[in-house]
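See below for coords02.txt, which holds compact mmCIF, C-alpha atoms.
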# COMPACT_ATOMS: atom_id res chain seq x y z
CA MET A 1 -101.18 -105.16 32.74
CA GLY A 2 -97.59 -106.40 33.01
CA GLU A 3 -96.22 -102.92 32.34
CA GLU A 4 -98.52 -101.42 34.98
CA ARG A 5 -97.40 -104.04 37.52
CA LYS A 6 -93.75 -103.36 36.70
CA GLY A 7 -94.29 -99.59 37.05
CA GLY A 8 -95.95 -100.10 40.43
CA GLU A 9 -93.03 -102.16 41.69
CA GLU A 10 -90.54 -99.47 40.62
CA GLU A 11 -92.55 -96.79 42.46
CA ALA A 12 -92.63 -98.97 45.59
CA VAL A 13 -88.86 -99.43 45.46
CA ALA A 14 -88.37 -95.66 44.96
CA ALA A 15 -90.70 -94.89 47.88
CA ALA A 16 -88.84 -97.33 50.14
CA ARG A 17 -85.52 -95.80 49.09
CA ALA A 18 -86.83 -92.29 49.82
CA ALA A 19 -88.06 -93.43 53.25
CA GLU A 20 -84.63 -94.88 54.01
CA GLN A 21 -82.90 -91.67 52.92
CA ALA A 22 -85.25 -89.62 55.11
CA ARG A 23 -84.41 -91.84 58.10
CA GLU A 24 -80.67 -91.50 57.48
CA LEU A 25 -81.00 -87.73 57.06
CA GLN A 26 -82.96 -87.47 60.32
CA GLU A 27 -80.30 -89.45 62.19
CA ALA A 28 -77.49 -87.30 60.73
CA ALA A 29 -79.35 -84.06 61.62
CA ALA A 30 -80.04 -85.31 65.17
CA ALA A 31 -76.36 -86.23 65.63
CA LEU A 32 -75.27 -82.82 64.31
CA LEU A 33 -77.66 -80.95 66.62
CA THR A 34 -76.48 -83.03 69.57
CA ARG A 35 -72.84 -82.17 68.84
CA THR A 36 -73.73 -78.52 68.28
CA ARG A 37 -75.66 -78.30 71.55
CA ALA A 38 -72.79 -79.91 73.44
CA GLU A 39 -70.25 -77.50 71.92
CA GLU A 40 -72.55 -74.54 72.52
CA GLU A 41 -73.04 -75.53 76.15
CA ALA A 42 -69.28 -75.77 76.64
CA LEU A 43 -68.79 -72.32 75.12
CA ARG A 44 -71.63 -70.95 77.25
CA ARG A 45 -69.96 -72.19 80.44
CA ARG A 46 -66.68 -70.56 79.38
CA ALA A 47 -68.46 -67.29 78.56
CA VAL A 48 -70.29 -67.20 81.89
CA ALA A 49 -67.08 -67.98 83.79
CA LEU A 50 -65.24 -65.20 81.96
CA GLN A 51 -68.06 -62.75 82.63
CA GLU A 52 -67.92 -63.53 86.36
CA GLU A 53 -64.13 -63.15 86.31
CA LEU A 54 -64.45 -59.72 84.66
CA ARG A 55 -66.92 -58.62 87.33
CA ARG A 56 -64.53 -59.77 90.07
CA LEU A 57 -61.58 -58.00 88.48
CA ARG A 58 -63.61 -54.81 88.03
CA LYS A 59 -64.53 -54.76 91.73
CA ALA A 60 -60.89 -55.32 92.65
CA ALA A 61 -59.76 -52.55 90.28
CA ALA A 62 -62.27 -50.12 91.80
CA ALA A 63 -60.47 -50.44 95.14
CA GLN A 64 -57.09 -49.55 93.65
CA ALA A 65 -55.84 -45.98 93.41
CA ASP A 66 -54.20 -46.17 89.98
CA SER A 67 -56.20 -48.62 87.88
CA ASP A 68 -56.64 -46.82 84.54
CA LYS A 69 -54.70 -49.41 82.53
CA VAL A 70 -56.56 -52.27 84.23
CA GLU A 71 -59.91 -50.65 83.51
CA GLU A 72 -58.95 -50.12 79.86
CA ASP A 73 -58.20 -53.84 79.47
CA LEU A 74 -61.40 -54.76 81.30
CA ASP A 75 -63.43 -52.40 79.08
CA ARG A 76 -61.90 -53.94 75.98
CA ALA A 77 -62.62 -57.50 77.18
CA THR A 78 -66.17 -56.59 78.18
CA CYS A 79 -66.78 -55.04 74.79
CA LEU A 80 -65.56 -58.18 73.01
CA ILE A 81 -67.89 -60.54 74.87
CA SER A 82 -70.91 -58.23 74.99
CA GLU A 83 -70.76 -56.89 71.43
CA GLY A 84 -69.53 -59.93 69.51
CA ASP A 85 -70.97 -63.35 68.82
CA VAL A 86 -70.24 -64.39 72.40
CA ALA A 87 -73.16 -62.23 73.54
CA SER A 88 -75.67 -64.77 72.20
CA LEU A 89 -74.18 -67.39 74.57
CA LEU A 90 -74.57 -65.30 77.72
CA PRO A 91 -77.69 -65.79 79.87
CA SER A 92 -80.42 -63.31 78.94
CA LYS A 93 -81.96 -60.99 81.47
CA THR A 94 -85.14 -62.18 83.10
CA HIS A 95 -88.28 -61.37 81.16
CA GLY A 96 -90.12 -59.99 84.17
CA CYS A 97 -93.79 -60.10 85.02
CA PHE A 98 -94.78 -57.47 82.47
CA LEU A 99 -93.62 -59.45 79.44
CA LYS A 100 -94.93 -62.72 80.85
CA MET A 101 -98.32 -61.11 81.47
CA PHE A 102 -98.66 -59.92 77.86
CA LEU A 103 -96.70 -62.53 75.90
CA GLY A 104 -96.51 -65.58 78.14
CA PRO A 105 -93.40 -67.63 79.00
CA VAL A 106 -91.81 -67.38 75.55
CA ASN A 107 -88.13 -66.87 74.76
CA LEU A 108 -87.67 -63.34 73.40
CA ARG A 109 -83.87 -63.47 73.13
CA ALA A 110 -82.88 -63.23 69.46
CA THR A 111 -79.94 -65.50 68.65
CA ARG A 112 -78.90 -63.60 65.53
CA LYS A 113 -77.30 -60.18 65.92
CA GLU A 114 -79.02 -58.70 62.88
CA VAL A 115 -82.42 -59.55 64.39
CA GLN A 116 -81.48 -57.78 67.63
CA LEU A 117 -80.35 -54.71 65.72
CA LYS A 118 -83.57 -54.74 63.70
CA VAL A 119 -85.57 -54.67 66.95
CA LYS A 120 -83.54 -51.67 68.15
CA GLU A 121 -83.92 -49.80 64.85
CA GLU A 122 -87.66 -50.40 64.86
CA TYR A 123 -87.84 -49.05 68.42
CA ASN A 124 -86.04 -45.86 67.35
CA SER A 125 -88.31 -45.47 64.31
CA TYR A 126 -91.37 -46.00 66.49
CA ARG A 127 -90.23 -43.23 68.84
CA ASP A 128 -89.80 -40.89 65.86
CA ARG A 129 -93.30 -41.61 64.56
CA THR A 130 -95.05 -41.34 67.91
CA ALA A 131 -93.27 -38.06 68.76
CA LEU A 132 -95.11 -36.43 65.84
CA LEU A 133 -98.44 -37.78 67.11
CA PHE A 134 -97.58 -36.80 70.68
CA LEU A 135 -97.11 -33.24 69.47
CA GLY A 136 -99.96 -33.14 66.94
CA PHE A 137 -102.80 -34.73 68.94
CA PRO A 138 -103.00 -32.10 71.75
CA VAL A 139 -102.43 -29.24 69.25
CA VAL A 140 -105.49 -30.39 67.29
CA LEU A 141 -107.58 -30.72 70.47
CA LEU A 142 -106.68 -27.23 71.70
CA CYS A 143 -107.34 -25.68 68.28
CA LEU A 144 -110.73 -27.38 67.97
CA ARG A 145 -111.58 -26.24 71.50
CA SER A 146 -111.06 -22.62 70.47
CA TRP A 147 -112.52 -22.76 66.95
CA LEU A 148 -115.29 -25.34 67.09
CA TRP A 149 -116.19 -26.35 70.62
CA ASN A 150 -116.71 -22.88 72.15
CA GLY A 151 -114.06 -23.26 74.82
CA CYS A 152 -115.24 -26.64 76.17
CA PHE A 153 -113.73 -30.06 75.44
CA PRO A 154 -116.24 -32.81 74.56
CA ALA A 155 -115.57 -35.99 76.50
CA LEU A 156 -115.07 -38.35 73.52
CA PRO A 157 -112.06 -36.67 71.81
CA VAL A 158 -110.22 -36.28 75.12
CA GLN A 159 -110.86 -39.91 76.03
CA LEU A 160 -109.70 -41.04 72.58
CA TYR A 161 -106.46 -39.17 73.24
CA GLN A 162 -106.13 -40.81 76.65
CA ALA A 163 -106.75 -44.24 75.08
CA TRP A 164 -104.00 -43.53 72.56
CA LEU A 165 -101.64 -42.57 75.41
CA LEU A 166 -102.43 -45.90 77.10
CA PHE A 167 -101.62 -47.74 73.86
CA LEU A 168 -98.43 -45.68 73.35
CA TYR A 169 -96.96 -46.24 76.81
CA THR A 170 -97.89 -49.94 76.77
CA THR A 171 -96.13 -50.52 73.45
CA LEU A 172 -93.09 -48.51 74.56
CA ALA A 173 -92.84 -50.55 77.77
CA LEU A 174 -93.14 -53.82 75.80
CA ARG A 175 -90.47 -52.80 73.29
CA GLU A 176 -88.08 -51.58 76.00
CA ASN A 177 -88.47 -54.79 78.01
CA ILE A 178 -87.70 -56.82 74.88
CA LEU A 179 -84.65 -54.63 74.22
CA ARG A 180 -83.41 -55.23 77.77
CA VAL A 181 -83.77 -58.98 77.29
CA ASN A 182 -81.61 -58.65 74.16
CA GLY A 183 -78.85 -56.70 75.89
CA SER A 184 -79.80 -53.00 75.70
CA ASP A 185 -78.66 -50.84 78.60
CA ILE A 186 -81.93 -49.04 79.39
CA ARG A 187 -82.18 -47.56 82.85
CA PRO A 188 -84.95 -49.25 84.84
CA TRP A 189 -86.49 -45.89 85.76
CA TRP A 190 -87.54 -45.12 82.19
CA ILE A 191 -89.45 -48.38 81.98
CA LEU A 192 -90.99 -47.74 85.41
CA HIS A 193 -91.90 -44.25 84.20
CA HIS A 194 -93.89 -45.81 81.36
CA TYR A 195 -95.65 -48.12 83.82
CA CYS A 196 -96.74 -45.05 85.82
CA ALA A 197 -97.85 -43.30 82.62
CA MET A 198 -99.85 -46.39 81.61
CA LEU A 199 -101.60 -46.38 84.98
CA MET A 200 -102.34 -42.65 84.70
CA ALA A 201 -103.78 -43.04 81.16
CA LEU A 202 -105.92 -45.97 82.29
CA ILE A 203 -107.29 -44.06 85.28
CA SER A 204 -107.91 -40.93 83.23
CA LEU A 205 -110.17 -42.93 80.92
CA THR A 206 -112.62 -43.24 83.82
CA TRP A 207 -112.34 -39.53 84.65
CA GLU A 208 -115.55 -37.69 83.82
CA ILE A 209 -114.86 -34.63 81.63
CA LYS A 210 -117.00 -31.84 83.10
CA GLY A 211 -118.80 -29.54 80.67
CA SER A 212 -120.87 -26.39 81.01
CA PRO A 213 -121.48 -24.39 83.08
CA ASP A 214 -118.08 -22.99 84.01
CA CYS A 215 -116.26 -25.60 81.94
CA ALA A 216 -113.17 -23.39 81.58
CA ARG A 217 -112.44 -23.70 85.31
CA LYS A 218 -113.44 -27.37 85.51
CA GLN A 219 -111.32 -28.30 82.50
CA ARG A 220 -108.28 -26.26 83.50
CA GLY A 221 -106.39 -29.43 84.43
CA VAL A 222 -107.09 -30.98 81.02
CA GLU A 223 -105.95 -27.81 79.26
CA LEU A 224 -102.68 -27.64 81.20
CA PHE A 225 -102.04 -31.34 80.64
CA LEU A 226 -102.44 -30.84 76.88
CA CYS A 227 -100.06 -27.87 77.00
CA TRP A 228 -97.55 -30.05 78.83
CA ALA A 229 -98.05 -32.77 76.19
CA ILE A 230 -97.20 -30.25 73.43
CA MET A 231 -93.99 -29.36 75.24
CA GLN A 232 -93.22 -33.05 75.74
CA GLY A 233 -93.79 -33.79 72.05
CA PHE A 234 -91.47 -30.96 71.00
CA VAL A 235 -88.75 -32.10 73.41
CA MET A 236 -89.19 -35.72 72.29
CA MET A 237 -88.53 -34.73 68.69
CA LEU A 238 -85.36 -32.86 69.70
CA GLN A 239 -84.24 -35.75 71.91
CA ASN A 240 -84.80 -38.37 69.24
CA ARG A 241 -82.84 -36.41 66.66
CA TYR A 242 -79.92 -35.52 68.92
CA GLN A 243 -79.78 -38.85 70.73
CA ARG A 244 -79.70 -40.94 67.57
CA GLN A 245 -76.81 -38.86 66.20
CA ARG A 246 -75.02 -39.08 69.55
CA LEU A 247 -75.56 -42.83 69.82
CA TYR A 248 -74.01 -43.43 66.41
CA THR A 249 -71.04 -41.33 67.52
CA ARG A 250 -70.70 -43.30 70.77
CA ILE A 251 -70.91 -46.60 68.87
CA ALA A 252 -68.20 -45.40 66.48
CA LEU A 253 -65.98 -44.53 69.45
CA GLY A 254 -66.70 -47.84 71.13
CA LYS A 255 -68.36 -46.20 74.15
CA ALA A 256 -71.75 -47.83 73.49
CA LYS A 257 -72.97 -51.15 72.15
CA ARG A 258 -74.98 -51.42 68.98
CA MET A 259 -77.94 -52.74 70.99
CA ASP A 260 -77.90 -49.78 73.41
CA VAL A 261 -80.37 -46.96 73.36
CA VAL A 262 -79.24 -43.59 74.67
CA TRP A 263 -79.18 -43.20 78.42
CA GLY A 264 -82.34 -41.74 79.76
CA GLU A 265 -83.15 -38.28 78.49
CA THR A 266 -79.75 -36.61 78.13
CA ALA A 267 -76.94 -37.90 75.99
CA GLY A 268 -76.17 -35.20 73.46
CA VAL A 269 -72.91 -33.43 73.01
CA GLU A 270 -72.20 -30.42 75.16
CA GLY A 271 -73.75 -27.83 72.83
CA GLN A 272 -76.88 -29.90 72.49
CA LEU A 273 -77.14 -30.31 76.25
CA LEU A 274 -77.14 -26.52 76.62
CA LEU A 275 -80.42 -26.58 74.68
CA LEU A 276 -81.94 -29.80 75.98
CA CYS A 277 -81.22 -29.48 79.69
CA PRO A 278 -83.19 -26.25 80.27
CA LEU A 279 -86.09 -27.68 78.23
CA LEU A 280 -86.02 -30.92 80.18
CA PHE A 281 -85.94 -29.22 83.58
CA LEU A 282 -88.68 -26.81 82.49
CA LEU A 283 -90.78 -29.74 81.27
CA GLN A 284 -90.28 -31.66 84.50
CA GLY A 285 -91.17 -28.63 86.58
CA PHE A 286 -94.30 -28.02 84.53
CA GLU A 287 -95.23 -31.70 84.88
CA GLY A 288 -95.01 -31.39 88.66
CA TYR A 289 -97.01 -28.15 88.53
CA VAL A 290 -99.81 -29.84 86.57
CA GLY A 291 -99.86 -32.62 89.16
CA PHE A 292 -100.04 -30.07 91.99
CA LEU A 293 -102.87 -28.27 90.18
CA LEU A 294 -104.85 -31.49 89.88
CA LEU A 295 -104.43 -32.16 93.60
CA ARG A 296 -105.57 -28.61 94.41
CA THR A 297 -108.67 -28.88 92.20
CA ALA A 298 -109.59 -32.10 94.02
CA THR A 299 -109.03 -30.75 97.53
CA THR A 300 -110.86 -27.45 96.89
CA GLY A 301 -113.93 -29.25 95.59
CA VAL A 302 -113.75 -28.12 91.95
CA ILE A 303 -113.39 -31.73 90.72
CA PRO A 304 -113.70 -33.89 93.84
CA GLU A 305 -112.92 -37.26 92.22
CA TRP A 306 -110.38 -39.91 93.20
CA GLN A 307 -109.08 -40.11 89.61
CA VAL A 308 -107.88 -36.50 89.85
CA VAL A 309 -106.01 -37.21 93.09
CA VAL A 310 -104.26 -40.33 91.74
CA CYS A 311 -103.31 -38.66 88.44
CA GLY A 312 -101.90 -35.66 90.34
CA ILE A 313 -99.80 -37.90 92.58
CA LEU A 314 -98.51 -39.88 89.60
CA LEU A 315 -97.53 -36.72 87.71
CA ILE A 316 -95.61 -35.37 90.71
CA ALA A 317 -93.88 -38.74 91.26
CA MET A 318 -92.87 -38.95 87.57
CA ALA A 319 -91.58 -35.37 87.62
CA ILE A 320 -89.40 -36.08 90.67
CA GLY A 321 -88.12 -39.36 89.19
CA ASN A 322 -87.34 -37.76 85.85
CA PHE A 323 -85.48 -34.92 87.52
CA ALA A 324 -83.44 -37.26 89.74
CA ASN A 325 -82.46 -39.51 86.83
CA THR A 326 -81.61 -36.58 84.56
CA VAL A 327 -79.31 -35.14 87.23
CA ASP A 328 -77.78 -38.59 87.80
CA THR A 329 -77.14 -38.92 84.05
CA LEU A 330 -75.42 -35.52 83.93
CA MET A 331 -73.26 -36.47 86.92
CA ALA A 332 -72.33 -39.76 85.24
CA LYS A 333 -71.31 -37.86 82.11
CA SER A 334 -69.22 -35.51 84.22
CA ARG A 335 -67.47 -38.42 85.96
CA PHE A 336 -66.77 -40.05 82.60
CA LYS A 337 -65.24 -36.85 81.21
CA ALA A 338 -63.06 -36.54 84.31
CA LYS A 339 -61.91 -40.12 83.83
CA MET A 340 -61.10 -39.43 80.19
CA LYS A 341 -58.97 -36.43 81.18
CA LYS A 342 -57.04 -38.54 83.69
CA SER A 343 -56.43 -41.31 81.20
CA LYS A 344 -53.06 -41.24 79.46
CA SER A 345 -54.44 -43.14 76.49
CA LYS A 346 -57.77 -41.63 75.55
CA ARG A 347 -57.86 -43.32 72.19
CA ASP A 348 -57.46 -46.79 73.69
CA LEU A 349 -60.12 -46.08 76.30
CA GLY A 350 -62.54 -44.71 73.73
CA THR A 351 -62.30 -47.54 71.20
CA CYS A 352 -63.07 -51.20 71.18
CA THR A 353 -61.65 -53.56 68.60
CA SER A 354 -64.34 -55.55 66.86
CA PRO A 355 -64.06 -59.33 67.42
CA LYS A 356 -64.07 -59.83 63.66
CA GLY A 357 -61.36 -57.28 63.09
CA SER A 358 -63.58 -54.55 61.65
CA SER A 359 -63.14 -50.97 62.70
CA PRO A 360 -65.53 -49.22 65.08
CA ILE A 361 -66.64 -46.95 62.22
CA ASP A 362 -67.69 -49.99 60.18
CA SER A 363 -69.60 -51.36 63.15
CA ALA A 364 -71.43 -48.06 63.53
CA ALA A 365 -72.33 -48.02 59.85
CA ARG A 366 -73.82 -51.50 60.07
CA ALA A 367 -75.82 -50.47 63.17

Take the structure in this file and express it as structure tokens.
Amino acid sequence: MGEERKGGEEEAVAAARAAEQARELQEAAAALLTRTRAEEEALRRRAVALQEELRRLRKAAAAQADSDKVEEDLDRATCLISEGDVASLLPSKTHGCFLKMFLGPVNLRATRKEVQLKVKEEYNSYRDRTALLFLGFPVVLLCLRSWLWNGCFPALPVQLYQAWLLFLYTTLALRENILRVNGSDIRPWWILHHYCAMLMALISLTWEIKGSPDCARKQRGVELFLCWAIMQGFVMMLQNRYQRQRLYTRIALGKAKRMDVVWGETAGVEGQLLLLCPLLFLLQGFEGYVGFLLLRTATTGVIPEWQVVVCGILLIAMAIGNFANTVDTLMAKSRFKAKMKKSKSKRDLGTCTSPKGSSPIDSAARA
């Protein structure tokens, strides 16, 4: 009994000592976090002030006639604060209603750079995977229509495809909004384009697929849309391949950040653009033609449904927006090349020294 009592007293003393150590550890951790937050807030204020100063200087430089050297220094400073560890201190872009609607008021800004890069790499991989499905799904539907369904689409397979399109564009819009929050330079139009595509896919789910008799004429819009989707899938695969190679090159030259995705739909080198540009303009024209065809089928009474009218309008609007942004991207590339030719120090303009002293090539390899 005495030994048991003695053992119980020793355990009580050990438990009290452990409780005291836990209290001391909690106080030390709280003090450390308080100091860290205070230091982080001070650095954040300095980073925000410097960012505002760079914006002011850039506006002032734009009004000067000969400002190449000033712009080079501003580009270098901007690269240091946007690509280095300072970027995590800068205020993140607003989440927007779309992210809040799906995910709620949560903080989606990753504080660690490797997490941000992982999000970007997963986005690129997702685009590669979905491009194959985007191409394969309509090919299978058209083949089955000829071989198995006697020239008429059943409603269920087409609606399954439309449901998949809704899922695809929703996930792309979510991922791109998260990338923007974490610093990617995605043009707002491409996200808006996915919103329009989501709305079109949602509306098309309620669109009654007409069958026999005369299903070939009634389903002409569906057939053309699937043909356009095949073209889109093929172009997406070319874009993804060329753009990823081009982005790595731009990162290595310091002309893009590791969190960027390639601008819009055209960012290849000149030889690649000679292939992609005609395909893109042909695709956009065909997209507008399919939209016009849907409007004509609704107005002539072939398929007099409001879903056809809305889908036709959305297709035409997306075709016009895609064309305008593609042209704007090409003009931006042309202006950048002209600026490079005027610069006396192309190498300095095209590179950005890493804040940790690593070369741009190393940064690209890690991306």

Near region 55-59 of chain A, within 9 Å and counting only C-alpha atoms, which residues show up once chain neighbours fewer than 6 positions away are dropped, as a PDB file with C-alpha atoms, keeping the file's coordinate frame?
ATOM      1  CA  VAL A  70     -56.560 -52.270  84.230  1.00  0.00           C
ATOM      2  CA  GLU A  71     -59.910 -50.650  83.510  1.00  0.00           C
ATOM      3  CA  LEU A  74     -61.400 -54.760  81.300  1.00  0.00           C
TER       4      LEU A  74
END

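What separates CA of Ala155 (chain A) from CA of Phe167 (chain A) is a distance of 18.4 Å.
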
(request) May I have the residues within 12 Å of Glu122 (chain A) as an MDAnalysis selection string, using only C-alpha atoms and disregarding those fewer than 4 positions away in the same chain? (result) chainID A and resid 115:118 126:129 172 175:176 178:179 259 261 367

(request) Might you pull out every residue within 9 Å of Ile230 (chain A), with only C-alpha atoms counted and same-chain residues fewer than 2 positions away left off, and present them as a list of chain:residue names? (result) A:Phe134, A:Leu135, A:Gly136, A:Phe137, A:Pro138, A:Val139, A:Phe225, A:Leu226, A:Cys227, A:Trp228, A:Gln232, A:Gly233, A:Phe234, A:Val235

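Minimum distance to Lys100 (chain A) across A:Cys215, A:Leu174, A:Leu142, A:Leu80 (counting all atoms listed in the file) occurs at A:Leu174.
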
Around region 130-142 of chain A, with edges along x, y and z and 6 Å added on all six sides, what centre and edge lengths do you get, in Å to one decimal, as lines of an AutoDock Vina configuration file?
center_x = -100.4
center_y = -34.3
center_z = 68.8
size_x = 26.3
size_y = 26.1
size_z = 17.9

(request) Do a neighbour search on Arg145 (chain A) at 12 Å with all atoms listed in the file, toss out local chain neighbours closer than 2 positions, and write the hits as a list of chain:residue names. (result)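 In the requested format, the answer is A:Pro138, A:Val139, A:Val140, A:Leu141, A:Leu142, A:Cys143, A:Trp147, A:Leu148, A:Trp149, A:Asn150, A:Gly151, A:Cys152, A:Phe153, A:Pro154, A:Ala155, A:Pro157, A:Val158, A:Cys215, A:Ala216, A:Gln219, A:Val222, A:Glu223, A:Leu226.
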
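For the pair CA of Glu208 (chain A) and CA of Phe292 (chain A), the separation is 19.1 Å.
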